Amino acid sequence: MAAGRPREFDIDQALERALAVFWKKGYEGATLPDLTSAMRINRPSLYAAFGNKEALFRRAVERYLAGPAAYFAVALQAPTARHVVEQLLNGAINAVTGPHNPRGCLMVQGALACGDAAEEVRQEVSDRRAGGVRALARRFQRAIAEGDLPPETSAGDLARYVATIIHGMSVQAASGASRAQLRRVARLALRNWPMP
């Protein structure tokens, strides 16, 4: 059996370039010509390496979560709930205002509003955001059990509060807010932190 023609491009570099396009333009805003031009490949190569646009977007989301958004999993390991949130806020600010990144957050802007044809993509990204809130709520529940948060704290409400701040900072960054401005927002958010 004859071997297929070898790829003439670096698949990791192509995926990194696709991530940048999706991050900047969102799922529906990123056209196939945008993607193939940025990835420096043709359509047949895109389909052969990644499947369709939806499959490519899913791969880009995985890369985003393992790369620019990896701060989230690291922050959950911080010793106290307040440290978790400080690390989350700082990590988010760095990601959404990084000089080498598009402004904002792929998980917030990438598929927030989609047409019917992209409903599955929108739902998947929404589910991933909700999964992050659940993981944060579990961490806060542990903090309550350890006496690090007051016993009357609602772990779910506190997790949604933190997620709302982070998602809002992403939108602000996409609208041009500076890193310094977002750091001031983070400090204001932490003033409301419940003390044990």
# chains A, B, ... in the order shown; residues from 1 in each chain; ligands from 1
>>> closest_atom_pairs(of="stretch 62-96 of chain A", to="stretch 10-29 of chain A", cutoff="12 Å", atoms="only C-alpha atoms", output="Markdown table")
| residue | atom | partner | partner_atom | distance |
| --- | --- | --- | --- | --- |
| A:Glu62 | CA | A:Leu19 | CA | 9.6 |
| A:Arg63 | CA | A:Leu19 | CA | 7.6 |
| A:Tyr64 | CA | A:Leu19 | CA | 7.2 |
| A:Leu65 | CA | A:Leu19 | CA | 10.9 |
| A:Ala66 | CA | A:Glu16 | CA | 11.9 |
| A:Gly67 | CA | A:Glu16 | CA | 10.1 |
| A:Pro68 | CA | A:Leu19 | CA | 10.6 |
| A:Ala95 | CA | A:Trp23 | CA | 11.5 |
| A:Val96 | CA | A:Trp23 | CA | 10.3 |
>>> residues_around(residues="A:Leu190", least_positions_apart="2", cutoff="12 Å", atoms="only C-alpha atoms", output="JSON, numbers by chain")
{"A": [81, 82, 83, 84, 85, 86, 87, 88, 89, 90, 158, 161, 162, 165, 183, 184, 185, 186, 187, 188, 192, 193, 194, 195]}
>>> closest_residue(among="A:Val61, A:Cys114, A:Ala75, A:Ile93", to="A:Arg139", atoms="only C-alpha atoms")
A:Ala75
>>> residues_around(residues="stretch 130-137 of chain A", least_positions_apart="6", cutoff="7 Å", atoms="only C-alpha atoms", output="list of chain:residue names")
A:Ala155, A:Gly156, A:Ala159, A:Arg160, A:Ala163
>>> write_last_selection(atoms="C-alpha atoms", output="PDB file, in the first residue's frame")
ATOM      1  CA  ALA A 155     -19.905  28.311  46.771  1.00  0.00           C
ATOM      2  CA  GLY A 156     -21.971  28.411  43.580  1.00  0.00           C
ATOM      3  CA  ALA A 159     -17.986  31.033  41.712  1.00  0.00           C
ATOM      4  CA  ARG A 160     -20.485  32.795  39.419  1.00  0.00           C
ATOM      5  CA  ALA A 163     -16.591  34.136  36.599  1.00  0.00           C
TER       6      ALA A 163
END
>>> select_by_dssp(residues="stretch 9-185 of chain A", states="alpha helix (DSSP H)", output="JSON list (two decimals) with N, CA and C atoms, in the first residue's frame")
[["chain", "number", "residue", "atom", "x", "y", "z"],
["A", 11, "ILE", "N", 1.94, 21.04, 11.58],
["A", 11, "ILE", "CA", 0.55, 21.01, 12.05],
["A", 11, "ILE", "C", 0.36, 21.85, 13.31],
["A", 12, "ASP", "N", 1.37, 21.87, 14.20],
["A", 12, "ASP", "CA", 1.26, 22.67, 15.42],
["A", 12, "ASP", "C", 1.26, 24.17, 15.11],
["A", 13, "GLN", "N", 2.12, 24.58, 14.18],
["A", 13, "GLN", "CA", 2.14, 25.99, 13.80],
["A", 13, "GLN", "C", 0.82, 26.39, 13.12],
["A", 14, "ALA", "N", 0.31, 25.50, 12.29],
["A", 14, "ALA", "CA", -0.95, 25.78, 11.61],
["A", 14, "ALA", "C", -2.08, 25.92, 12.62],
["A", 15, "LEU", "N", -2.10, 25.04, 13.62],
["A", 15, "LEU", "CA", -3.14, 25.11, 14.65],
["A", 15, "LEU", "C", -3.00, 26.38, 15.49],
["A", 16, "GLU", "N", -1.78, 26.76, 15.79],
["A", 16, "GLU", "CA", -1.55, 28.00, 16.54],
["A", 16, "GLU", "C", -2.08, 29.20, 15.76],
["A", 17, "ARG", "N", -1.86, 29.20, 14.46],
["A", 17, "ARG", "CA", -2.34, 30.30, 13.62],
["A", 17, "ARG", "C", -3.87, 30.30, 13.53],
["A", 18, "ALA", "N", -4.45, 29.11, 13.46],
["A", 18, "ALA", "CA", -5.92, 29.00, 13.44],
["A", 18, "ALA", "C", -6.50, 29.51, 14.75],
["A", 19, "LEU", "N", -5.86, 29.17, 15.86],
["A", 19, "LEU", "CA", -6.30, 29.66, 17.17],
["A", 19, "LEU", "C", -6.34, 31.18, 17.17],
["A", 20, "ALA", "N", -5.31, 31.82, 16.65],
["A", 20, "ALA", "CA", -5.27, 33.28, 16.63],
["A", 20, "ALA", "C", -6.44, 33.86, 15.83],
["A", 21, "VAL", "N", -6.78, 33.21, 14.71],
["A", 21, "VAL", "CA", -7.89, 33.70, 13.89],
["A", 21, "VAL", "C", -9.21, 33.54, 14.65],
["A", 22, "PHE", "N", -9.45, 32.37, 15.21],
["A", 22, "PHE", "CA", -10.69, 32.15, 15.96],
["A", 22, "PHE", "C", -10.78, 33.09, 17.17],
["A", 23, "TRP", "N", -9.67, 33.30, 17.83],
["A", 23, "TRP", "CA", -9.62, 34.16, 19.02],
["A", 23, "TRP", "C", -9.98, 35.60, 18.63],
["A", 24, "LYS", "N", -9.47, 36.02, 17.50],
["A", 24, "LYS", "CA", -9.71, 37.40, 17.07],
["A", 24, "LYS", "C", -11.10, 37.59, 16.46],
["A", 25, "LYS", "N", -11.55, 36.62, 15.65],
["A", 25, "LYS", "CA", -12.78, 36.82, 14.88],
["A", 25, "LYS", "C", -13.97, 36.01, 15.37],
["A", 26, "GLY", "N", -13.76, 35.06, 16.28],
["A", 26, "GLY", "CA", -14.84, 34.18, 16.71],
["A", 26, "GLY", "C", -15.06, 33.07, 15.71],
["A", 27, "TYR", "N", -15.88, 32.10, 16.10],
["A", 27, "TYR", "CA", -16.11, 30.94, 15.23],
["A", 27, "TYR", "C", -16.75, 31.34, 13.91],
["A", 28, "GLU", "N", -17.85, 32.05, 13.98],
["A", 28, "GLU", "CA", -18.54, 32.39, 12.74],
["A", 28, "GLU", "C", -17.82, 33.47, 11.94],
["A", 29, "GLY", "N", -17.13, 34.37, 12.61],
["A", 29, "GLY", "CA", -16.42, 35.43, 11.91],
["A", 29, "GLY", "C", -15.20, 34.94, 11.15],
["A", 32, "LEU", "N", -13.26, 30.34, 6.06],
["A", 32, "LEU", "CA", -12.26, 29.39, 5.58],
["A", 32, "LEU", "C", -11.10, 30.09, 4.87],
["A", 33, "PRO", "N", -11.35, 31.10, 4.03],
["A", 33, "PRO", "CA", -10.20, 31.83, 3.47],
["A", 33, "PRO", "C", -9.33, 32.49, 4.54],
["A", 34, "ASP", "N", -9.94, 33.04, 5.60],
["A", 34, "ASP", "CA", -9.16, 33.61, 6.70],
["A", 34, "ASP", "C", -8.25, 32.54, 7.30],
["A", 35, "LEU", "N", -8.84, 31.38, 7.56],
["A", 35, "LEU", "CA", -8.11, 30.31, 8.22],
["A", 35, "LEU", "C", -6.99, 29.76, 7.34],
["A", 36, "THR", "N", -7.32, 29.44, 6.09],
["A", 36, "THR", "CA", -6.29, 28.84, 5.22],
["A", 36, "THR", "C", -5.17, 29.84, 4.95],
["A", 37, "SER", "N", -5.51, 31.12, 4.83],
["A", 37, "SER", "CA", -4.47, 32.13, 4.61],
["A", 37, "SER", "C", -3.55, 32.22, 5.83],
["A", 38, "ALA", "N", -4.14, 32.32, 7.02],
["A", 38, "ALA", "CA", -3.33, 32.42, 8.24],
["A", 38, "ALA", "C", -2.51, 31.16, 8.48],
["A", 39, "MET", "N", -3.12, 30.01, 8.20],
["A", 39, "MET", "CA", -2.44, 28.73, 8.44],
["A", 39, "MET", "C", -1.42, 28.40, 7.35],
["A", 43, "ARG", "N", -7.38, 24.52, 1.30],
["A", 43, "ARG", "CA", -8.54, 23.86, 1.90],
["A", 43, "ARG", "C", -8.38, 22.35, 1.99],
["A", 44, "PRO", "N", -7.94, 21.67, 0.92],
["A", 44, "PRO", "CA", -7.78, 20.22, 1.02],
["A", 44, "PRO", "C", -6.84, 19.81, 2.17],
["A", 45, "SER", "N", -5.79, 20.59, 2.37],
["A", 45, "SER", "CA", -4.85, 20.29, 3.47],
["A", 45, "SER", "C", -5.52, 20.51, 4.83],
["A", 46, "LEU", "N", -6.33, 21.57, 4.93],
["A", 46, "LEU", "CA", -7.06, 21.82, 6.18],
["A", 46, "LEU", "C", -7.97, 20.64, 6.49],
["A", 47, "TYR", "N", -8.75, 20.23, 5.49],
["A", 47, "TYR", "CA", -9.69, 19.12, 5.70],
["A", 47, "TYR", "C", -8.95, 17.83, 6.01],
["A", 48, "ALA", "N", -7.84, 17.57, 5.32],
["A", 48, "ALA", "CA", -7.09, 16.33, 5.55],
["A", 48, "ALA", "C", -6.49, 16.30, 6.95],
["A", 49, "ALA", "N", -6.00, 17.43, 7.43],
["A", 49, "ALA", "CA", -5.32, 17.47, 8.73],
["A", 49, "ALA", "C", -6.27, 17.63, 9.90],
["A", 50, "PHE", "N", -7.37, 18.38, 9.71],
["A", 50, "PHE", "CA", -8.21, 18.74, 10.86],
["A", 50, "PHE", "C", -9.68, 18.34, 10.71],
["A", 53, "LYS", "N", -14.26, 22.85, 9.62],
["A", 53, "LYS", "CA", -14.03, 24.06, 10.42],
["A", 53, "LYS", "C", -14.40, 23.82, 11.88],
["A", 54, "GLU", "N", -15.49, 23.12, 12.12],
["A", 54, "GLU", "CA", -15.92, 22.85, 13.50],
["A", 54, "GLU", "C", -14.88, 22.03, 14.25],
["A", 55, "ALA", "N", -14.35, 21.01, 13.60],
["A", 55, "ALA", "CA", -13.32, 20.17, 14.23],
["A", 55, "ALA", "C", -12.06, 20.99, 14.48],
["A", 56, "LEU", "N", -11.71, 21.87, 13.55],
["A", 56, "LEU", "CA", -10.55, 22.74, 13.73],
["A", 56, "LEU", "C", -10.77, 23.67, 14.92],
["A", 57, "PHE", "N", -11.97, 24.22, 15.04],
["A", 57, "PHE", "CA", -12.26, 25.10, 16.17],
["A", 57, "PHE", "C", -12.12, 24.34, 17.49],
["A", 58, "ARG", "N", -12.63, 23.12, 17.53],
["A", 58, "ARG", "CA", -12.51, 22.32, 18.77],
["A", 58, "ARG", "C", -11.04, 22.09, 19.13],
["A", 59, "ARG", "N", -10.23, 21.82, 18.14],
["A", 59, "ARG", "CA", -8.79, 21.64, 18.38],
["A", 59, "ARG", "C", -8.17, 22.94, 18.88],
["A", 60, "ALA", "N", -8.61, 24.06, 18.31],
["A", 60, "ALA", "CA", -8.10, 25.36, 18.73],
["A", 60, "ALA", "C", -8.49, 25.66, 20.18],
["A", 61, "VAL", "N", -9.72, 25.30, 20.55],
["A", 61, "VAL", "CA", -10.17, 25.49, 21.94],
["A", 61, "VAL", "C", -9.31, 24.66, 22.89],
["A", 62, "GLU", "N", -9.04, 23.42, 22.52],
["A", 62, "GLU", "CA", -8.18, 22.57, 23.37],
["A", 62, "GLU", "C", -6.80, 23.21, 23.53],
["A", 63, "ARG", "N", -6.27, 23.72, 22.45],
["A", 63, "ARG", "CA", -4.95, 24.37, 22.50],
["A", 63, "ARG", "C", -5.01, 25.61, 23.39],
["A", 64, "TYR", "N", -6.08, 26.36, 23.28],
["A", 64, "TYR", "CA", -6.26, 27.57, 24.10],
["A", 64, "TYR", "C", -6.30, 27.20, 25.59],
["A", 65, "LEU", "N", -7.07, 26.19, 25.91],
["A", 65, "LEU", "CA", -7.20, 25.79, 27.33],
["A", 65, "LEU", "C", -5.89, 25.24, 27.89],
["A", 66, "ALA", "N", -5.11, 24.59, 27.06],
["A", 66, "ALA", "CA", -3.83, 24.03, 27.51],
["A", 66, "ALA", "C", -2.71, 25.07, 27.48],
["A", 71, "TYR", "N", -3.70, 28.95, 33.09],
["A", 71, "TYR", "CA", -3.64, 29.55, 34.43],
["A", 71, "TYR", "C", -4.81, 29.10, 35.30],
["A", 72, "PHE", "N", -5.95, 28.75, 34.68],
["A", 72, "PHE", "CA", -7.14, 28.41, 35.45],
["A", 72, "PHE", "C", -6.90, 27.17, 36.31],
["A", 73, "ALA", "N", -6.43, 26.09, 35.70],
["A", 73, "ALA", "CA", -6.18, 24.84, 36.44],
["A", 73, "ALA", "C", -5.10, 25.04, 37.49],
["A", 74, "VAL", "N", -4.10, 25.84, 37.19],
["A", 74, "VAL", "CA", -3.02, 26.10, 38.15],
["A", 74, "VAL", "C", -3.57, 26.87, 39.35],
["A", 75, "ALA", "N", -4.39, 27.87, 39.10],
["A", 75, "ALA", "CA", -4.94, 28.69, 40.18],
["A", 75, "ALA", "C", -5.78, 27.88, 41.15],
["A", 81, "ALA", "N", -8.72, 30.10, 49.15],
["A", 81, "ALA", "CA", -9.69, 30.54, 48.14],
["A", 81, "ALA", "C", -9.34, 31.93, 47.63],
["A", 82, "ARG", "N", -8.91, 32.80, 48.51],
["A", 82, "ARG", "CA", -8.53, 34.16, 48.06],
["A", 82, "ARG", "C", -7.34, 34.10, 47.11],
["A", 83, "HIS", "N", -6.36, 33.24, 47.43],
["A", 83, "HIS", "CA", -5.22, 33.09, 46.52],
["A", 83, "HIS", "C", -5.66, 32.52, 45.17],
["A", 84, "VAL", "N", -6.63, 31.60, 45.21],
["A", 84, "VAL", "CA", -7.17, 31.05, 43.96],
["A", 84, "VAL", "C", -7.69, 32.20, 43.10],
["A", 85, "VAL", "N", -8.49, 33.06, 43.70],
["A", 85, "VAL", "CA", -9.11, 34.16, 42.94],
["A", 85, "VAL", "C", -8.08, 35.18, 42.50],
["A", 86, "GLU", "N", -7.12, 35.49, 43.35],
["A", 86, "GLU", "CA", -6.06, 36.42, 42.94],
["A", 86, "GLU", "C", -5.32, 35.88, 41.72],
["A", 87, "GLN", "N", -5.00, 34.59, 41.75],
["A", 87, "GLN", "CA", -4.30, 33.99, 40.61],
["A", 87, "GLN", "C", -5.18, 33.95, 39.37],
["A", 88, "LEU", "N", -6.47, 33.67, 39.56],
["A", 88, "LEU", "CA", -7.38, 33.65, 38.42],
["A", 88, "LEU", "C", -7.48, 35.04, 37.78],
["A", 89, "LEU", "N", -7.66, 36.05, 38.60],
["A", 89, "LEU", "CA", -7.79, 37.41, 38.07],
["A", 89, "LEU", "C", -6.52, 37.84, 37.36],
["A", 90, "ASN", "N", -5.37, 37.60, 37.99],
["A", 90, "ASN", "CA", -4.11, 37.99, 37.36],
["A", 90, "ASN", "C", -3.85, 37.19, 36.08],
["A", 91, "GLY", "N", -4.15, 35.89, 36.11],
["A", 91, "GLY", "CA", -3.97, 35.07, 34.92],
["A", 91, "GLY", "C", -4.86, 35.52, 33.78],
["A", 92, "ALA", "N", -6.11, 35.84, 34.11],
["A", 92, "ALA", "CA", -7.04, 36.32, 33.09],
["A", 92, "ALA", "C", -6.57, 37.64, 32.50],
["A", 93, "ILE", "N", -6.15, 38.55, 33.36],
["A", 93, "ILE", "CA", -5.67, 39.85, 32.87],
["A", 93, "ILE", "C", -4.49, 39.67, 31.93],
["A", 94, "ASN", "N", -3.55, 38.82, 32.32],
["A", 94, "ASN", "CA", -2.38, 38.59, 31.46],
["A", 94, "ASN", "C", -2.79, 37.98, 30.12],
["A", 95, "ALA", "N", -3.74, 37.05, 30.16],
["A", 95, "ALA", "CA", -4.16, 36.38, 28.91],
["A", 95, "ALA", "C", -4.92, 37.33, 27.99],
["A", 96, "VAL", "N", -5.83, 38.12, 28.54],
["A", 96, "VAL", "CA", -6.69, 38.94, 27.68],
["A", 96, "VAL", "C", -6.03, 40.24, 27.23],
["A", 97, "THR", "N", -4.88, 40.59, 27.84],
["A", 97, "THR", "CA", -4.17, 41.80, 27.43],
["A", 97, "THR", "C", -2.75, 41.50, 26.97],
["A", 106, "LEU", "N", -11.07, 33.78, 24.14],
["A", 106, "LEU", "CA", -11.70, 32.91, 23.16],
["A", 106, "LEU", "C", -12.95, 32.25, 23.73],
["A", 107, "MET", "N", -12.93, 31.86, 25.00],
["A", 107, "MET", "CA", -14.06, 31.15, 25.59],
["A", 107, "MET", "C", -15.25, 32.07, 25.84],
["A", 108, "VAL", "N", -15.02, 33.36, 25.88],
["A", 108, "VAL", "CA", -16.13, 34.31, 26.05],
["A", 108, "VAL", "C", -16.64, 34.79, 24.69],
["A", 109, "GLN", "N", -15.72, 35.19, 23.82],
["A", 109, "GLN", "CA", -16.12, 35.81, 22.56],
["A", 109, "GLN", "C", -16.15, 34.85, 21.37],
["A", 119, "GLU", "N", -24.92, 26.18, 16.30],
["A", 119, "GLU", "CA", -25.47, 26.03, 17.65],
["A", 119, "GLU", "C", -24.69, 25.02, 18.49],
["A", 120, "GLU", "N", -24.24, 23.93, 17.88],
["A", 120, "GLU", "CA", -23.47, 22.93, 18.64],
["A", 120, "GLU", "C", -22.17, 23.52, 19.17],
["A", 121, "VAL", "N", -21.51, 24.32, 18.37],
["A", 121, "VAL", "CA", -20.26, 24.96, 18.80],
["A", 121, "VAL", "C", -20.55, 25.93, 19.94],
["A", 122, "ARG", "N", -21.59, 26.76, 19.79],
["A", 122, "ARG", "CA", -21.94, 27.71, 20.84],
["A", 122, "ARG", "C", -22.25, 26.99, 22.14],
["A", 123, "GLN", "N", -23.01, 25.89, 22.05],
["A", 123, "GLN", "CA", -23.38, 25.13, 23.24],
["A", 123, "GLN", "C", -22.15, 24.50, 23.89],
["A", 124, "GLU", "N", -21.25, 23.99, 23.08],
["A", 124, "GLU", "CA", -20.04, 23.36, 23.64],
["A", 124, "GLU", "C", -19.18, 24.36, 24.40],
["A", 125, "VAL", "N", -19.00, 25.55, 23.83],
["A", 125, "VAL", "CA", -18.22, 26.58, 24.52],
["A", 125, "VAL", "C", -18.94, 27.02, 25.79],
["A", 126, "SER", "N", -20.25, 27.16, 25.72],
["A", 126, "SER", "CA", -21.04, 27.51, 26.90],
["A", 126, "SER", "C", -20.90, 26.44, 27.99],
["A", 127, "ASP", "N", -20.95, 25.17, 27.58],
["A", 127, "ASP", "CA", -20.78, 24.08, 28.54],
["A", 127, "ASP", "C", -19.40, 24.11, 29.19],
["A", 128, "ARG", "N", -18.39, 24.45, 28.41],
["A", 128, "ARG", "CA", -17.03, 24.53, 28.96],
["A", 128, "ARG", "C", -16.93, 25.67, 29.97],
["A", 129, "ARG", "N", -17.55, 26.81, 29.67],
["A", 129, "ARG", "CA", -17.56, 27.91, 30.65],
["A", 129, "ARG", "C", -18.26, 27.47, 31.93],
["A", 130, "ALA", "N", -19.40, 26.80, 31.78],
["A", 130, "ALA", "CA", -20.14, 26.32, 32.96],
["A", 130, "ALA", "C", -19.31, 25.31, 33.73],
["A", 131, "GLY", "N", -18.54, 24.49, 33.03],
["A", 131, "GLY", "CA", -17.66, 23.53, 33.71],
["A", 131, "GLY", "C", -16.61, 24.23, 34.55],
["A", 132, "GLY", "N", -16.11, 25.35, 34.05],
["A", 132, "GLY", "CA", -15.15, 26.13, 34.83],
["A", 132, "GLY", "C", -15.78, 26.69, 36.10],
["A", 133, "VAL", "N", -17.02, 27.15, 36.00],
["A", 133, "VAL", "CA", -17.74, 27.66, 37.18],
["A", 133, "VAL", "C", -17.95, 26.53, 38.19],
["A", 134, "ARG", "N", -18.30, 25.35, 37.71],
["A", 134, "ARG", "CA", -18.50, 24.21, 38.62],
["A", 134, "ARG", "C", -17.19, 23.83, 39.32],
["A", 135, "ALA", "N", -16.09, 23.83, 38.58],
["A", 135, "ALA", "CA", -14.79, 23.51, 39.19],
["A", 135, "ALA", "C", -14.43, 24.52, 40.26],
["A", 136, "LEU", "N", -14.69, 25.78, 39.99],
["A", 136, "LEU", "CA", -14.42, 26.83, 40.97],
["A", 136, "LEU", "C", -15.33, 26.68, 42.19],
["A", 137, "ALA", "N", -16.60, 26.35, 41.96],
["A", 137, "ALA", "CA", -17.53, 26.14, 43.08],
["A", 137, "ALA", "C", -17.06, 24.97, 43.96],
["A", 138, "ARG", "N", -16.56, 23.90, 43.34],
["A", 138, "ARG", "CA", -16.04, 22.77, 44.13],
["A", 138, "ARG", "C", -14.86, 23.20, 44.98],
["A", 139, "ARG", "N", -13.99, 24.06, 44.40],
["A", 139, "ARG", "CA", -12.83, 24.54, 45.16],
["A", 139, "ARG", "C", -13.30, 25.41, 46.33],
["A", 140, "PHE", "N", -14.32, 26.22, 46.11],
["A", 140, "PHE", "CA", -14.84, 27.06, 47.19],
["A", 140, "PHE", "C", -15.56, 26.21, 48.24],
["A", 141, "GLN", "N", -16.21, 25.15, 47.81],
["A", 141, "GLN", "CA", -16.86, 24.25, 48.77],
["A", 141, "GLN", "C", -15.81, 23.64, 49.70],
["A", 142, "ARG", "N", -14.69, 23.26, 49.12],
["A", 142, "ARG", "CA", -13.58, 22.75, 49.93],
["A", 142, "ARG", "C", -13.09, 23.81, 50.91],
["A", 143, "ALA", "N", -12.99, 25.07, 50.44],
["A", 143, "ALA", "CA", -12.54, 26.15, 51.31],
["A", 143, "ALA", "C", -13.51, 26.37, 52.47],
["A", 144, "ILE", "N", -14.80, 26.21, 52.21],
["A", 144, "ILE", "CA", -15.81, 26.32, 53.28],
["A", 144, "ILE", "C", -15.59, 25.20, 54.31],
["A", 145, "ALA", "N", -15.40, 24.00, 53.83],
["A", 145, "ALA", "CA", -15.19, 22.85, 54.73],
["A", 145, "ALA", "C", -13.91, 23.01, 55.56],
["A", 155, "ALA", "N", -21.03, 28.57, 47.67],
["A", 155, "ALA", "CA", -19.90, 28.31, 46.77],
["A", 155, "ALA", "C", -20.30, 28.57, 45.32],
["A", 156, "GLY", "N", -21.50, 28.20, 44.95],
["A", 156, "GLY", "CA", -21.97, 28.41, 43.58],
["A", 156, "GLY", "C", -22.10, 29.88, 43.23],
["A", 157, "ASP", "N", -22.69, 30.67, 44.14],
["A", 157, "ASP", "CA", -22.84, 32.10, 43.88],
["A", 157, "ASP", "C", -21.49, 32.79, 43.81],
["A", 158, "LEU", "N", -20.57, 32.41, 44.70],
["A", 158, "LEU", "CA", -19.25, 33.02, 44.71],
["A", 158, "LEU", "C", -18.50, 32.67, 43.42],
["A", 159, "ALA", "N", -18.63, 31.43, 42.96],
["A", 159, "ALA", "CA", -17.99, 31.03, 41.71],
["A", 159, "ALA", "C", -18.56, 31.82, 40.53],
["A", 160, "ARG", "N", -19.87, 32.01, 40.50],
["A", 160, "ARG", "CA", -20.48, 32.79, 39.42],
["A", 160, "ARG", "C", -20.03, 34.26, 39.48],
["A", 161, "TYR", "N", -19.88, 34.79, 40.68],
["A", 161, "TYR", "CA", -19.40, 36.16, 40.86],
["A", 161, "TYR", "C", -18.00, 36.31, 40.24],
["A", 162, "VAL", "N", -17.11, 35.39, 40.60],
["A", 162, "VAL", "CA", -15.73, 35.45, 40.08],
["A", 162, "VAL", "C", -15.73, 35.29, 38.57],
["A", 163, "ALA", "N", -16.52, 34.34, 38.05],
["A", 163, "ALA", "CA", -16.59, 34.14, 36.60],
["A", 163, "ALA", "C", -17.13, 35.38, 35.90],
["A", 164, "THR", "N", -18.10, 36.03, 36.50],
["A", 164, "THR", "CA", -18.67, 37.24, 35.92],
["A", 164, "THR", "C", -17.62, 38.35, 35.84],
["A", 165, "ILE", "N", -16.81, 38.50, 36.87],
["A", 165, "ILE", "CA", -15.74, 39.49, 36.85],
["A", 165, "ILE", "C", -14.74, 39.16, 35.74],
["A", 166, "ILE", "N", -14.33, 37.90, 35.67],
["A", 166, "ILE", "CA", -13.34, 37.49, 34.66],
["A", 166, "ILE", "C", -13.89, 37.67, 33.25],
["A", 167, "HIS", "N", -15.12, 37.24, 33.03],
["A", 167, "HIS", "CA", -15.72, 37.38, 31.70],
["A", 167, "HIS", "C", -15.91, 38.86, 31.34],
["A", 168, "GLY", "N", -16.29, 39.64, 32.31],
["A", 168, "GLY", "CA", -16.45, 41.08, 32.08],
["A", 168, "GLY", "C", -15.12, 41.74, 31.74],
["A", 169, "MET", "N", -14.04, 41.32, 32.41],
["A", 169, "MET", "CA", -12.73, 41.87, 32.10],
["A", 169, "MET", "C", -12.32, 41.51, 30.68],
["A", 170, "SER", "N", -12.71, 40.33, 30.23],
["A", 170, "SER", "CA", -12.41, 39.92, 28.86],
["A", 170, "SER", "C", -13.08, 40.86, 27.86],
["A", 171, "VAL", "N", -14.34, 41.16, 28.11],
["A", 171, "VAL", "CA", -15.08, 42.07, 27.21],
["A", 171, "VAL", "C", -14.45, 43.46, 27.26],
["A", 172, "GLN", "N", -14.08, 43.90, 28.46],
["A", 172, "GLN", "CA", -13.44, 45.21, 28.59],
["A", 172, "GLN", "C", -12.11, 45.24, 27.83],
["A", 173, "ALA", "N", -11.33, 44.17, 27.94],
["A", 173, "ALA", "CA", -10.04, 44.10, 27.23],
["A", 173, "ALA", "C", -10.26, 44.15, 25.73],
["A", 174, "ALA", "N", -11.27, 43.43, 25.24],
["A", 174, "ALA", "CA", -11.57, 43.44, 23.81],
["A", 174, "ALA", "C", -11.98, 44.83, 23.34],
["A", 179, "ARG", "N", -4.18, 46.85, 30.77],
["A", 179, "ARG", "CA", -3.84, 45.93, 31.86],
["A", 179, "ARG", "C", -3.96, 46.65, 33.20],
["A", 180, "ALA", "N", -3.48, 47.88, 33.29],
["A", 180, "ALA", "CA", -3.55, 48.64, 34.55],
["A", 180, "ALA", "C", -5.01, 48.87, 34.97],
["A", 181, "GLN", "N", -5.86, 49.19, 34.02],
["A", 181, "GLN", "CA", -7.28, 49.39, 34.35],
["A", 181, "GLN", "C", -7.90, 48.10, 34.88],
["A", 182, "LEU", "N", -7.58, 46.98, 34.25],
["A", 182, "LEU", "CA", -8.15, 45.72, 34.69],
["A", 182, "LEU", "C", -7.59, 45.29, 36.05],
["A", 183, "ARG", "N", -6.36, 45.64, 36.33],
["A", 183, "ARG", "CA", -5.81, 45.33, 37.66],
["A", 183, "ARG", "C", -6.57, 46.11, 38.74],
["A", 184, "ARG", "N", -6.96, 47.34, 38.43],
["A", 184, "ARG", "CA", -7.76, 48.11, 39.39],
["A", 184, "ARG", "C", -9.13, 47.47, 39.60],
["A", 185, "VAL", "N", -9.72, 46.94, 38.52],
["A", 185, "VAL", "CA", -10.99, 46.22, 38.64],
["A", 185, "VAL", "C", -10.82, 45.00, 39.54]]
